[in-house]
>>> print(open('run-v4.txt').read())   # compact mmCIF, C-alpha atoms
# COMPACT_ATOMS: atom_id res chain seq x y z
CA MET Z 1 -57.73 26.43 80.12
CA ASN Z 2 -55.60 24.62 82.73
CA SER Z 3 -52.22 25.86 83.93
CA ARG Z 4 -50.22 23.42 81.72
CA SER Z 5 -51.69 24.64 78.46
CA LEU Z 6 -51.34 28.23 79.60
CA GLN Z 7 -47.65 27.55 80.28
CA THR Z 8 -47.21 26.06 76.77
CA THR Z 9 -48.95 29.00 75.18
CA ILE Z 10 -46.73 31.45 77.04
CA ILE Z 11 -43.59 29.53 75.99
CA PHE Z 12 -44.68 29.55 72.33
CA LEU Z 13 -45.44 33.27 72.50
CA VAL Z 14 -42.05 34.03 74.10
CA VAL Z 15 -40.13 31.89 71.61
CA GLY Z 16 -42.17 33.23 68.71
CA GLY Z 17 -41.54 36.76 69.94
CA ILE Z 18 -37.82 36.12 70.21
CA LEU Z 19 -37.73 34.67 66.68
CA ALA Z 20 -39.75 37.60 65.37
CA LEU Z 21 -37.36 40.02 67.01
CA ALA Z 22 -34.38 38.06 65.71
CA LEU Z 23 -35.74 37.99 62.16
CA GLY Z 24 -36.53 41.69 62.52
CA GLY Z 25 -32.84 42.32 63.25
CA PHE Z 26 -33.20 43.37 66.82
CA PHE Z 27 -30.61 40.82 68.10
CA GLY Z 28 -27.92 41.72 65.53
CA SER Z 29 -24.57 40.68 67.11
CA ALA Z 30 -26.06 37.95 69.31
CA SER Z 31 -27.85 36.26 66.36
CA ARG Z 32 -24.67 36.47 64.20
CA GLN Z 33 -22.60 34.72 66.85
CA PHE Z 34 -25.25 32.12 67.34
CA GLY Z 35 -25.54 31.62 63.58
CA SER Z 36 -21.77 31.25 63.11
CA VAL Z 37 -21.63 28.60 65.83
CA LEU Z 38 -24.44 26.75 64.12
CA ILE Z 39 -22.74 27.01 60.71
CA ASP Z 40 -19.40 25.77 62.08
CA ALA Z 41 -21.12 22.84 63.71
CA GLN Z 42 -23.03 22.14 60.50
CA THR Z 43 -19.84 22.29 58.44
CA TRP Z 44 -17.99 19.97 60.81
CA PHE Z 45 -20.76 17.37 60.78
CA SER Z 46 -21.25 17.68 57.03
CA SER Z 47 -17.55 17.22 56.18
CA ARG Z 48 -17.24 14.23 58.50
CA PHE Z 49 -20.35 12.69 56.99
CA LEU Z 50 -19.11 13.19 53.43
CA GLY Z 51 -15.76 11.63 54.35
CA LEU Z 52 -17.50 8.64 55.85
CA GLN Z 53 -19.80 8.37 52.84
CA ASP Z 54 -16.82 8.41 50.47
CA PHE Z 55 -15.09 5.74 52.51
CA ILE Z 56 -18.13 3.48 52.39
CA THR Z 57 -19.18 4.03 48.78
CA ALA Z 58 -15.76 4.43 47.08
CA PRO Z 59 -15.13 0.74 46.18
CA ARG Z 60 -18.50 0.53 44.51
CA ASP Z 61 -17.70 3.68 42.51
CA ILE Z 62 -14.36 2.26 41.30
CA VAL Z 63 -16.09 -0.82 39.96
CA SER Z 64 -18.70 1.26 38.18
CA LEU Z 65 -16.02 3.65 36.89
CA ARG Z 66 -13.97 0.78 35.55
CA THR Z 67 -17.02 -0.60 33.77
CA ARG Z 68 -17.82 2.80 32.38
CA ASN Z 69 -14.19 3.28 31.33
CA ALA Z 70 -14.20 -0.02 29.47
CA GLU Z 71 -17.43 0.99 27.72
CA LEU Z 72 -15.96 4.34 26.74
CA GLU Z 73 -12.72 2.74 25.52
CA THR Z 74 -14.73 0.39 23.31
CA GLN Z 75 -16.69 3.35 22.04
CA VAL Z 76 -13.48 5.30 21.37
CA SER Z 77 -11.94 2.42 19.40
CA GLN Z 78 -15.15 2.09 17.35
CA LEU Z 79 -15.11 5.81 16.66
CA GLN Z 80 -11.44 5.68 15.71
CA ALA Z 81 -12.20 2.92 13.21
CA GLN Z 82 -15.04 5.05 11.85
CA VAL Z 83 -12.72 8.07 11.59
CA ILE Z 84 -10.14 6.02 9.62
CA GLU Z 85 -12.87 4.71 7.30
CA LEU Z 86 -14.24 8.19 6.77
CA GLN Z 87 -10.76 9.57 6.12
CA GLN Z 88 -10.28 6.90 3.45
CA ARG Z 89 -13.60 7.87 1.91
CA VAL Z 90 -12.63 11.54 1.98
CA ASN Z 91 -9.33 10.70 0.24
CA GLU Z 92 -11.15 8.65 -2.40
CA THR Z 93 -13.70 11.41 -2.88
CA GLU Z 94 -10.94 14.00 -3.29
CA ILE Z 95 -9.20 11.83 -5.90
CA LEU Z 96 -12.47 11.18 -7.74
CA ALA Z 97 -13.38 14.88 -7.64
CA ALA Z 98 -10.00 15.75 -9.18
CA LEU Z 99 -10.51 13.10 -11.87
CA VAL Z 100 -14.01 14.39 -12.62
CA ASP Z 101 -12.61 17.93 -12.96
CA PHE Z 102 -9.95 16.57 -15.30
CA SER Z 103 -12.48 14.71 -17.47
CA ARG Z 104 -14.69 17.82 -17.62
CA SER Z 105 -11.77 19.96 -18.72
CA ASN Z 106 -10.90 17.41 -21.45
CA PRO Z 107 -14.30 16.60 -22.93
CA GLU Z 108 -12.85 15.33 -26.23
CA SER Z 109 -11.96 12.01 -24.56
CA THR Z 110 -14.19 9.50 -22.84
CA TYR Z 111 -12.90 7.98 -19.63
CA LYS Z 112 -13.44 4.91 -17.53
CA ALA Z 113 -12.28 5.13 -13.90
CA ALA Z 114 -10.46 2.12 -12.46
CA ALA Z 115 -8.89 1.30 -9.10
CA VAL Z 116 -5.31 0.10 -8.88
CA ILE Z 117 -5.44 -3.35 -7.25
CA GLY Z 118 -1.89 -4.59 -7.62
CA ARG Z 119 1.55 -4.34 -9.13
CA ASP Z 120 3.70 -6.70 -11.12
CA PRO Z 121 5.25 -9.37 -8.86
CA SER Z 122 8.66 -8.87 -10.52
CA PRO Z 123 10.82 -5.93 -9.36
CA PHE Z 124 12.24 -5.68 -12.90
CA LEU Z 125 8.95 -4.47 -14.35
CA HIS Z 126 6.80 -1.42 -13.63
CA TYR Z 127 3.25 -2.50 -14.28
CA ILE Z 128 0.02 -1.98 -12.35
CA ILE Z 129 -3.14 -4.08 -12.35
CA ILE Z 130 -6.50 -2.30 -12.54
CA ASN Z 131 -9.97 -3.62 -11.78
CA ARG Z 132 -11.51 -2.97 -15.22
CA GLY Z 133 -11.24 -5.29 -18.18
CA SER Z 134 -12.82 -6.25 -21.46
CA ASN Z 135 -16.26 -6.36 -19.81
CA ASP Z 136 -15.89 -2.58 -19.38
CA ASP Z 137 -14.71 -2.08 -22.99
CA ILE Z 138 -11.07 -1.76 -22.01
CA ARG Z 139 -8.80 -2.74 -24.90
CA ARG Z 140 -5.07 -3.27 -25.29
CA GLY Z 141 -3.16 -0.08 -26.06
CA MET Z 142 -5.59 2.36 -24.45
CA PRO Z 143 -3.83 5.22 -22.65
CA VAL Z 144 -4.18 5.52 -18.87
CA VAL Z 145 -4.04 8.91 -17.16
CA THR Z 146 -4.77 10.71 -13.90
CA ASN Z 147 -5.64 14.35 -13.41
CA GLN Z 148 -1.88 14.95 -13.04
CA GLY Z 149 -0.80 13.43 -16.34
CA LEU Z 150 0.03 10.30 -18.33
CA VAL Z 151 0.36 7.03 -16.38
CA GLY Z 152 0.92 4.47 -19.15
CA ARG Z 153 -1.03 2.24 -21.47
CA VAL Z 154 -3.01 -0.97 -21.22
CA ASP Z 155 -0.75 -3.93 -21.95
CA ALA Z 156 -3.00 -6.95 -21.37
CA VAL Z 157 -6.70 -7.39 -20.68
CA ILE Z 158 -8.87 -10.10 -19.16
CA ALA Z 159 -12.60 -9.96 -18.41
CA ASP Z 160 -12.50 -7.94 -15.20
CA ALA Z 161 -8.93 -6.70 -14.94
CA ALA Z 162 -6.16 -5.24 -17.04
CA ARG Z 163 -2.41 -4.81 -16.76
CA VAL Z 164 -1.01 -1.36 -17.45
CA GLN Z 165 2.57 -0.65 -18.46
CA LEU Z 166 3.70 2.51 -16.66
CA ILE Z 167 5.81 5.10 -18.45
CA THR Z 168 8.46 4.39 -15.78
CA ASP Z 169 8.88 0.79 -17.02
CA PRO Z 170 12.34 0.17 -18.51
CA ALA Z 171 10.74 -1.05 -21.74
CA SER Z 172 8.50 2.01 -22.11
CA ALA Z 173 9.20 4.68 -24.73
CA VAL Z 174 6.86 7.63 -25.33
CA ASN Z 175 7.21 10.22 -28.06
CA VAL Z 176 7.07 13.60 -26.38
CA TYR Z 177 7.11 17.28 -27.19
CA LEU Z 178 8.99 19.92 -25.21
CA GLN Z 179 6.62 22.85 -25.14
CA ASN Z 180 9.02 25.72 -24.47
CA ALA Z 181 11.87 24.41 -26.62
CA ASP Z 182 9.46 23.49 -29.43
CA THR Z 183 11.18 20.19 -30.15
CA SER Z 184 10.45 16.45 -30.02
CA ALA Z 185 12.15 13.79 -27.92
CA VAL Z 186 11.53 10.33 -26.50
CA ALA Z 187 10.79 9.62 -22.82
CA PHE Z 188 12.22 6.34 -21.49
CA GLY Z 189 11.57 4.56 -18.21
CA SER Z 190 14.25 2.91 -16.09
CA VAL Z 191 14.91 0.22 -13.50
CA THR Z 192 14.65 2.77 -10.68
CA GLY Z 193 11.33 4.15 -11.89
CA ASP Z 194 12.87 7.43 -13.09
CA VAL Z 195 11.94 8.90 -16.45
CA SER Z 196 14.55 10.36 -18.77
CA LEU Z 197 14.49 12.11 -22.13
CA ASP Z 198 16.65 11.16 -25.07
CA MET Z 199 16.86 12.05 -28.76
CA ILE Z 200 16.88 15.80 -28.07
CA SER Z 201 18.64 17.55 -30.91
CA GLN Z 202 22.04 19.09 -30.08
CA ASN Z 203 20.90 22.38 -31.64
CA THR Z 204 18.01 22.77 -29.21
CA THR Z 205 18.21 24.74 -25.98
CA VAL Z 206 16.25 23.05 -23.22
CA GLU Z 207 16.00 24.52 -19.74
CA SER Z 208 15.03 22.95 -16.46
CA GLY Z 209 11.34 23.37 -15.76
CA ASP Z 210 10.32 22.97 -19.41
CA LEU Z 211 6.98 21.18 -19.71
CA ILE Z 212 6.92 17.78 -21.44
CA LEU Z 213 3.77 16.66 -23.27
CA THR Z 214 2.98 13.66 -25.43
CA SER Z 215 3.47 14.49 -29.09
CA GLY Z 216 1.09 11.89 -30.50
CA LEU Z 217 3.76 10.72 -32.96
CA GLY Z 218 3.66 6.99 -33.65
CA GLY Z 219 -0.01 6.78 -32.76
CA GLY Z 220 0.59 5.13 -29.40
CA PHE Z 221 -0.75 7.98 -27.27
CA PRO Z 222 -3.00 10.99 -27.85
CA SER Z 223 -1.19 14.32 -28.01
CA ASP Z 224 -0.87 16.94 -25.26
CA LEU Z 225 -0.98 14.68 -22.22
CA ILE Z 226 1.35 15.96 -19.50
CA ILE Z 227 4.39 13.79 -18.72
CA GLY Z 228 6.35 16.08 -16.39
CA GLN Z 229 9.07 18.70 -16.31
CA VAL Z 230 12.73 18.74 -17.27
CA VAL Z 231 14.97 18.67 -14.20
CA THR Z 232 18.52 18.59 -15.55
CA MET Z 233 20.12 18.45 -18.99
CA ARG Z 234 23.13 16.41 -20.06
CA THR Z 235 24.89 17.66 -23.14
CA LEU Z 236 28.03 15.95 -24.44
CA GLU Z 237 29.59 17.28 -27.64
CA PHE Z 238 30.62 13.85 -28.94
CA GLU Z 239 27.10 12.41 -28.66
CA LEU Z 240 24.42 12.72 -31.31
CA PHE Z 241 21.66 13.80 -28.94
CA GLN Z 242 21.18 15.54 -25.61
CA GLN Z 243 19.61 13.78 -22.64
CA ALA Z 244 17.53 15.09 -19.76
CA THR Z 245 16.19 13.82 -16.47
CA VAL Z 246 12.48 14.28 -15.88
CA GLN Z 247 10.32 14.93 -12.83
CA PRO Z 248 7.13 13.01 -13.70
CA ALA Z 249 3.88 14.83 -13.03
CA VAL Z 250 2.29 11.66 -11.65
CA ASP Z 251 3.35 10.20 -8.30
CA PHE Z 252 3.65 6.56 -9.35
CA THR Z 253 4.15 5.32 -5.78
CA ARG Z 254 0.69 6.52 -4.72
CA LEU Z 255 -1.51 5.52 -7.63
CA GLU Z 256 -4.98 4.59 -6.35
CA ILE Z 257 -7.50 5.49 -9.04
CA VAL Z 258 -6.75 6.04 -12.73
CA LEU Z 259 -8.70 6.91 -15.86
CA VAL Z 260 -8.57 4.82 -19.02
CA ILE Z 261 -9.18 6.80 -22.21
CA THR Z 262 -11.62 4.48 -23.95
CA ASN Z 263 -12.20 6.39 -27.20
CA PHE Z 264 -8.55 6.25 -28.26
CA ARG Z 265 -7.44 3.46 -30.54
CA PRO Z 266 -3.67 3.12 -30.91
CA VAL Z 267 -2.39 3.02 -34.47
CA ASP Z 268 -0.21 0.09 -35.42
CA ILE Z 269 2.44 1.57 -37.70
CA THR Z 270 4.50 -1.63 -37.91
CA PRO Z 271 3.49 -2.34 -41.56
CA LEU Z 272 4.69 1.16 -42.49
CA GLU Z 273 8.11 0.74 -40.95
CA PRO Z 274 10.85 0.03 -43.51
CA LEU Z 275 12.23 -3.49 -43.47
CA PRO Z 276 15.95 -3.85 -42.77
CA SER Z 277 17.82 -4.19 -46.04
CA PRO Z 278 19.75 -7.48 -46.53
CA MET N 1 -5.33 -35.03 -0.67
CA ARG N 2 -4.37 -32.20 1.64
CA ASN N 3 -1.93 -31.05 -1.05
CA ILE N 4 -4.91 -29.30 -2.68
CA ILE N 5 -4.21 -26.50 -0.23
CA ALA N 6 -1.49 -25.49 -2.70
CA PHE N 7 -4.09 -23.79 -4.92
CA PRO N 8 -5.63 -21.39 -2.38
CA LEU N 9 -2.35 -20.89 -0.55
CA LEU N 10 -0.29 -20.05 -3.64
CA GLY N 11 -3.19 -17.97 -5.00
CA LEU N 12 -3.19 -16.00 -1.76
CA ALA N 13 0.58 -15.66 -1.98
CA VAL N 14 0.35 -14.21 -5.51
CA ILE N 15 -2.32 -11.74 -4.34
CA LEU N 16 -0.17 -10.72 -1.35
CA GLN N 17 2.92 -10.45 -3.55
CA SER N 18 1.08 -8.25 -6.04
CA SER N 19 -0.80 -6.03 -3.61
CA ILE N 20 1.40 -5.74 -0.49
CA VAL N 21 4.89 -7.21 -0.81
CA SER N 22 5.56 -5.35 -4.07
CA GLN N 23 4.83 -2.07 -2.24
CA VAL N 24 7.35 -2.79 0.55
CA LYS N 25 10.42 -1.75 -1.39
CA LEU N 26 14.04 -1.53 -0.39
CA ILE N 27 15.53 0.80 -3.01
CA SER N 28 13.98 -0.85 -6.11
CA GLY N 29 13.92 -4.44 -4.88
CA TYR N 30 11.35 -6.40 -2.96
CA ALA N 31 10.92 -9.87 -1.53
CA ASP N 32 9.66 -12.80 -3.59
CA LEU N 33 7.04 -14.53 -1.47
CA LEU N 34 6.51 -17.34 -3.98
CA LEU N 35 10.23 -18.12 -4.15
CA LEU N 36 10.40 -18.22 -0.34
CA MET N 37 7.38 -20.50 -0.04
CA LEU N 38 8.52 -22.89 -2.75
CA ALA N 39 12.07 -23.11 -1.38
CA ALA N 40 10.83 -23.68 2.18
CA TRP N 41 8.32 -26.28 0.99
CA ALA N 42 10.89 -28.20 -1.08
CA LEU N 43 13.29 -28.29 1.88
CA GLN N 44 10.82 -30.09 4.16
CA GLU N 45 11.87 -33.69 4.63
CA ARG N 46 8.37 -35.18 4.34
CA VAL N 47 7.26 -33.20 1.29
CA LYS N 48 6.92 -35.10 -1.96
CA SER N 49 4.87 -32.57 -3.94
CA ALA N 50 7.35 -29.70 -4.37
CA TRP N 51 7.36 -29.96 -8.18
CA HIS N 52 3.56 -29.80 -8.30
CA TRP N 53 3.55 -26.71 -6.12
CA ALA N 54 6.16 -25.08 -8.37
CA VAL N 55 4.07 -25.72 -11.48
CA VAL N 56 0.99 -24.17 -9.82
CA ALA N 57 3.10 -21.15 -8.77
CA CYS N 58 4.49 -20.78 -12.31
CA VAL N 59 1.00 -20.79 -13.82
CA LEU N 60 -0.30 -18.21 -11.32
CA VAL N 61 2.69 -15.86 -11.58
CA GLY N 62 2.84 -16.25 -15.35
CA PHE N 63 -0.80 -15.18 -15.48
CA VAL N 64 -0.32 -12.06 -13.35
CA SER N 65 3.18 -10.91 -14.30
CA SER N 66 4.40 -9.38 -17.50
CA MET N 67 7.61 -11.38 -17.17
CA PRO N 68 7.84 -14.02 -19.96
CA TRP N 69 6.47 -17.26 -18.50
CA PRO N 70 9.49 -19.43 -19.48
CA VAL N 71 11.61 -17.24 -17.19
CA VAL N 72 9.21 -17.81 -14.31
CA ALA N 73 9.02 -21.54 -15.03
CA VAL N 74 12.77 -22.11 -15.35
CA GLY N 75 13.40 -19.92 -12.30
CA TYR N 76 10.99 -21.60 -9.89
CA LEU N 77 11.63 -25.14 -11.13
CA GLY N 78 15.36 -24.48 -10.87
CA VAL N 79 14.90 -23.39 -7.26
CA ILE N 80 13.02 -26.62 -6.47
CA PHE N 81 15.81 -28.63 -8.10
CA LEU N 82 18.43 -26.78 -6.06
CA ALA N 83 16.43 -27.16 -2.84
CA GLN N 84 16.06 -30.90 -3.28
CA ILE N 85 19.78 -31.34 -3.91
CA LEU N 86 20.66 -29.28 -0.84
CA GLN N 87 18.00 -30.95 1.28
CA ARG N 88 19.71 -34.30 0.77
CA ARG N 89 23.17 -32.91 1.51
CA VAL N 90 22.52 -30.36 4.28
CA TRP N 91 19.61 -32.14 5.96
CA GLN N 92 21.05 -31.66 9.47
CA ALA N 93 20.95 -27.85 9.20
CA PRO N 94 17.67 -26.96 7.47
CA LEU N 95 17.98 -23.21 8.07
CA LEU N 96 21.43 -23.21 6.51
CA ALA N 97 19.96 -25.02 3.53
CA MET N 98 17.11 -22.46 3.37
CA PHE N 99 19.54 -19.53 3.39
CA SER N 100 21.65 -21.20 0.71
CA VAL N 101 18.65 -21.91 -1.53
CA ILE N 102 17.32 -18.37 -1.12
CA PHE N 103 20.72 -16.84 -1.80
CA ILE N 104 21.46 -18.88 -4.91
CA GLY N 105 17.81 -18.95 -6.06
CA THR N 106 17.38 -15.16 -5.88
CA ILE N 107 20.56 -14.55 -7.86
CA PHE N 108 19.63 -17.28 -10.36
CA ILE N 109 16.13 -15.86 -10.99
CA HIS N 110 17.41 -12.30 -11.26
CA ILE N 111 20.15 -13.23 -13.73
CA LEU N 112 17.58 -15.18 -15.72
CA SER N 113 15.17 -12.21 -15.73
CA PHE N 114 17.95 -9.81 -16.66
CA VAL N 115 19.14 -11.93 -19.58
CA ALA N 116 15.61 -12.58 -20.86
CA LEU N 117 14.58 -8.92 -20.73
CA ARG N 118 17.85 -7.83 -22.36
CA VAL N 119 17.28 -10.32 -25.16
CA LEU N 120 13.76 -8.94 -25.61
CA GLY N 121 15.18 -5.43 -25.99
CA THR N 122 14.72 -3.81 -22.59
CA PRO N 123 17.70 -1.55 -21.91
CA PHE N 124 19.10 -2.59 -18.51
CA SER N 125 22.41 -1.77 -16.93
CA PHE N 126 23.86 -4.81 -15.14
CA ALA N 127 25.35 -2.64 -12.39
CA ASP N 128 21.97 -0.96 -11.79
CA VAL N 129 20.21 -4.31 -11.62
CA ILE N 130 22.69 -5.72 -9.12
CA GLY N 131 22.86 -2.63 -6.93
CA LEU N 132 19.26 -1.46 -7.05
CA ILE N 133 17.24 -4.65 -7.44
CA THR N 134 19.14 -7.86 -6.74
CA LEU N 135 21.02 -6.99 -3.53
CA PRO N 136 18.03 -5.31 -1.81
CA SER N 137 15.76 -8.19 -2.88
CA LEU N 138 18.31 -10.68 -1.58
CA LEU N 139 18.42 -8.96 1.80
CA LEU N 140 14.61 -8.91 2.07
CA ASN N 141 14.36 -12.56 0.98
CA MET N 142 16.91 -13.53 3.64
CA LEU N 143 14.98 -11.61 6.29
CA PHE N 144 11.68 -13.24 5.43
CA SER N 145 13.12 -16.73 4.97
CA ILE N 146 13.05 -17.70 8.68
CA PRO N 147 9.33 -17.00 9.34
CA ILE N 148 8.32 -18.48 5.99
CA TYR N 149 10.38 -21.61 6.71
CA ALA N 150 8.66 -22.01 10.09
CA LEU N 151 5.21 -21.60 8.51
CA MET N 152 5.93 -24.11 5.76
CA ARG N 153 7.37 -26.61 8.25
CA ASP N 154 4.11 -26.48 10.26
CA LEU N 155 2.13 -26.78 7.05
CA SER N 156 4.14 -29.82 5.94
CA ARG N 157 3.30 -31.52 9.25
CA TRP N 158 -0.37 -30.93 8.57
CA VAL N 159 -0.25 -32.03 4.93
CA TYR N 160 1.93 -35.06 5.71
CA PRO N 161 0.91 -36.33 9.17
CA PHE N 162 3.44 -38.48 11.00
CA GLU N 163 1.51 -41.76 10.57
CA GLU N 164 1.23 -41.31 6.84
CA TYR N 165 4.89 -40.40 6.65
CA GLU N 166 5.88 -43.56 8.52
>>> encode(input="run-v4.txt", output="structure tokens")
Amino acid sequence: MNSRSLQTTIIFLVVGGILALALGGFFGSASRQFGSVLIDAQTWFSSRFLGLQDFITAPRDIVSLRTRNAELETQVSQLQAQVIELQQRVNETEILAALVDFSRSNPESTYKAAAVIGRDPSPFLHYIIINRGSNDDIRRGMPVVTNQGLVGRVDAVIADAARVQLITDPASAVNVYLQNADTSAVAFGSVTGDVSLDMISQNTTVESGDLILTSGLGGGFPSDLIIGQVVTMRTLEFELFQQATVQPAVDFTRLEIVLVITNFRPVDITPLEPLPSP
Amino acid sequence: MRNIIAFPLLGLAVILQSSIVSQVKLISGYADLLLLMLAAWALQERVKSAWHWAVVACVLVGFVSSMPWPVVAVGYLGVIFLAQILQRRVWQAPLLAMFSVIFIGTIFIHILSFVALRVLGTPFSFADVIGLITLPSLLLNMLFSIPIYALMRDLSRWVYPFEEYE
């Protein structure tokens, strides 16, 4: 072994011994000071390096972030469209579920569901157009309902569509029955779309909140379909009958899906009506 | 030949009137897209087919609406007649002519509808019709008349190109 390698061996042994002593905790305060200096230096270099790295790489990150942002915005708009579509489907499903419940609770009638696809172009008339016609066995005069109550009756039919006269139409008149007052009356539509009752006997006491149902008189509608509730009464002593304003059970501004009662045939009582005497 | 566009265009107008415009209500009135289109079309200087367009519109509206078809026919043809008279007299101020036709035409059609439905037995109050239907409809028709006039003017330039007109 020459002197150079001996010197190297001695240095390694000394350094190794110092490290062993340091790791064994024999240089407590001295090693802590040394370590803190090292850590400070490390921190200083590291922070400067990170700053420099940010400075160099930042423009590239902005470009990639912008690209990513655009991708995410596209994704968000697609998801928003999907959410709107799903909300529409949920609304339709809720309406259909309510109509199915209604048809189950009234098994004596058979129903055909139809979507409302339009309204009469004239503001004088309150009609809706539905997407079922004679191809679906829809006939003129059939009553149209929702789970909330009576909507109207079929006025005209073509192959794949039909026009329905609402009970709010000014020309509409429905024979009704006031459940609590146990009396008959006639429900009329109006220009504004309100429904009012007329032909209520002066001897009858009608209160607000009384339920109005179809009476079935005249054969135009089946009996016991809900029309609405009495809101206010108008009684004038010099008139033959009392009148009342009605809160319809159906929201006619938001009609989307309706049910046509297909097993009801209206009765034409015109031949039985007395002719006017000359 | 390009006048054939009347069929799809007026068909689309009837669909829009029935499905969208009739839902945009002001009190109980709403705009009459067909009336606006026919009036604007008849007021264009180059147009020679206004009567044909009115007949197509009458057939389409008469098919969809529950309003008696003679009311629709007399109403729309009357508006074309009025528009052509005004177009010859107020040709220097087309928008003024448009407003005049829409104003008189709306009132004319509404009075016609009111009288016809009263005769057929529908109980209407004249005051209700004026206040709740006619005046709101008139306002909406006036509002929509400017964009519809601009659209129909562009359409007339396409249907009747300048060379053909000369």
>>> atom_distance(input="run-v4.txt", atom1="atom CA of Z:Gln82", atom2="atom CA of Z:Asn69")
19.6 Å
>>> interface_residues(input="run-v4.txt", of="chain Z", to="chain N", cutoff="10 Å", atoms="only C-alpha atoms", output="PyMOL selection string")
chain Z and resi 116-129+155-156+162-165+169-172+188-193+253-254
>>> closest_atom_pairs(input="run-v4.txt", of="stretch 65-103 of chain N", to="stretch 41-45 of chain N", cutoff="7 Å", atoms="only C-alpha atoms", output="JSON lines")
{"residue": "N:Ile80", "atom": "CA", "partner": "N:Ala42", "partner_atom": "CA", "distance": 6.0}
{"residue": "N:Ala83", "atom": "CA", "partner": "N:Leu43", "partner_atom": "CA", "distance": 5.8}
{"residue": "N:Gln84", "atom": "CA", "partner": "N:Ala42", "partner_atom": "CA", "distance": 6.2}
{"residue": "N:Gln87", "atom": "CA", "partner": "N:Leu43", "partner_atom": "CA", "distance": 5.4}
>>> closest_residue(input="run-v4.txt", among="Z:Glu273, Z:Asp224, Z:Glu92, Z:Glu237", to="Z:Val145", atoms="only C-alpha atoms")
Z:Asp224
>>> residues_near_point(input="run-v4.txt", point="(-8.0, 2.4, -12.0)", cutoff="8 Å", atoms="only C-alpha atoms", output="PyMOL selection string")
chain Z and resi 113-117+130-132+256-260
>>> atom_distance(input="run-v4.txt", atom1="atom CA of Z:Thr183", atom2="atom CA of Z:Phe238")
20.5 Å
>>> closest_residue(input="run-v4.txt", among="N:Leu95, N:Ala116, N:Ala39, N:Ala73", to="N:Ile146", atoms="all atoms listed in the file")
N:Leu95
>>> residues_around(input="run-v4.txt", residues="Z:Pro222", least_positions_apart="4", cutoff="12 Å", atoms="all atoms listed in the file", output="mmCIF file with C-alpha atoms, in the coordinates of the input")
data_model
loop_
_atom_site.group_PDB
_atom_site.id
_atom_site.type_symbol
_atom_site.label_atom_id
_atom_site.label_comp_id
_atom_site.auth_asym_id
_atom_site.auth_seq_id
_atom_site.Cartn_x
_atom_site.Cartn_y
_atom_site.Cartn_z
ATOM 1 C CA GLU Z 108 -12.850 15.330 -26.230
ATOM 2 C CA SER Z 109 -11.960 12.010 -24.560
ATOM 3 C CA GLY Z 141 -3.160 -0.080 -26.060
ATOM 4 C CA MET Z 142 -5.590 2.360 -24.450
ATOM 5 C CA PRO Z 143 -3.830 5.220 -22.650
ATOM 6 C CA VAL Z 144 -4.180 5.520 -18.870
ATOM 7 C CA VAL Z 145 -4.040 8.910 -17.160
ATOM 8 C CA GLY Z 149 -0.800 13.430 -16.340
ATOM 9 C CA LEU Z 150 0.030 10.300 -18.330
ATOM 10 C CA GLY Z 152 0.920 4.470 -19.150
ATOM 11 C CA ARG Z 153 -1.030 2.240 -21.470
ATOM 12 C CA VAL Z 174 6.860 7.630 -25.330
ATOM 13 C CA ASN Z 175 7.210 10.220 -28.060
ATOM 14 C CA VAL Z 176 7.070 13.600 -26.380
ATOM 15 C CA TYR Z 177 7.110 17.280 -27.190
ATOM 16 C CA LEU Z 213 3.770 16.660 -23.270
ATOM 17 C CA THR Z 214 2.980 13.660 -25.430
ATOM 18 C CA SER Z 215 3.470 14.490 -29.090
ATOM 19 C CA GLY Z 216 1.090 11.890 -30.500
ATOM 20 C CA LEU Z 217 3.760 10.720 -32.960
ATOM 21 C CA GLY Z 218 3.660 6.990 -33.650
ATOM 22 C CA ILE Z 226 1.350 15.960 -19.500
ATOM 23 C CA ILE Z 261 -9.180 6.800 -22.210
ATOM 24 C CA THR Z 262 -11.620 4.480 -23.950
ATOM 25 C CA ASN Z 263 -12.200 6.390 -27.200
ATOM 26 C CA PHE Z 264 -8.550 6.250 -28.260
ATOM 27 C CA ARG Z 265 -7.440 3.460 -30.540
ATOM 28 C CA PRO Z 266 -3.670 3.120 -30.910
ATOM 29 C CA VAL Z 267 -2.390 3.020 -34.470
#
>>> closest_residue(input="run-v4.txt", among="Z:Val76, Z:Asp182, Z:Glu207, Z:Ile167", to="Z:Ile227", atoms="all atoms listed in the file")
Z:Ile167
>>> residues_around(input="run-v4.txt", residues="Z:Gln202", least_positions_apart="2", cutoff="6 Å", atoms="all atoms listed in the file", output="count of residues only")
3
>>> atom_distance(input="run-v4.txt", atom1="atom CA of Z:Asp268", atom2="atom CA of Z:Ser223")
16.1 Å
>>> residues_near_point(input="run-v4.txt", point="(16.7, -20.6, -11.8)", cutoff="8 Å", atoms="only C-alpha atoms", output="number ranges by chain")
N: 74-79, 105, 108-109, 112
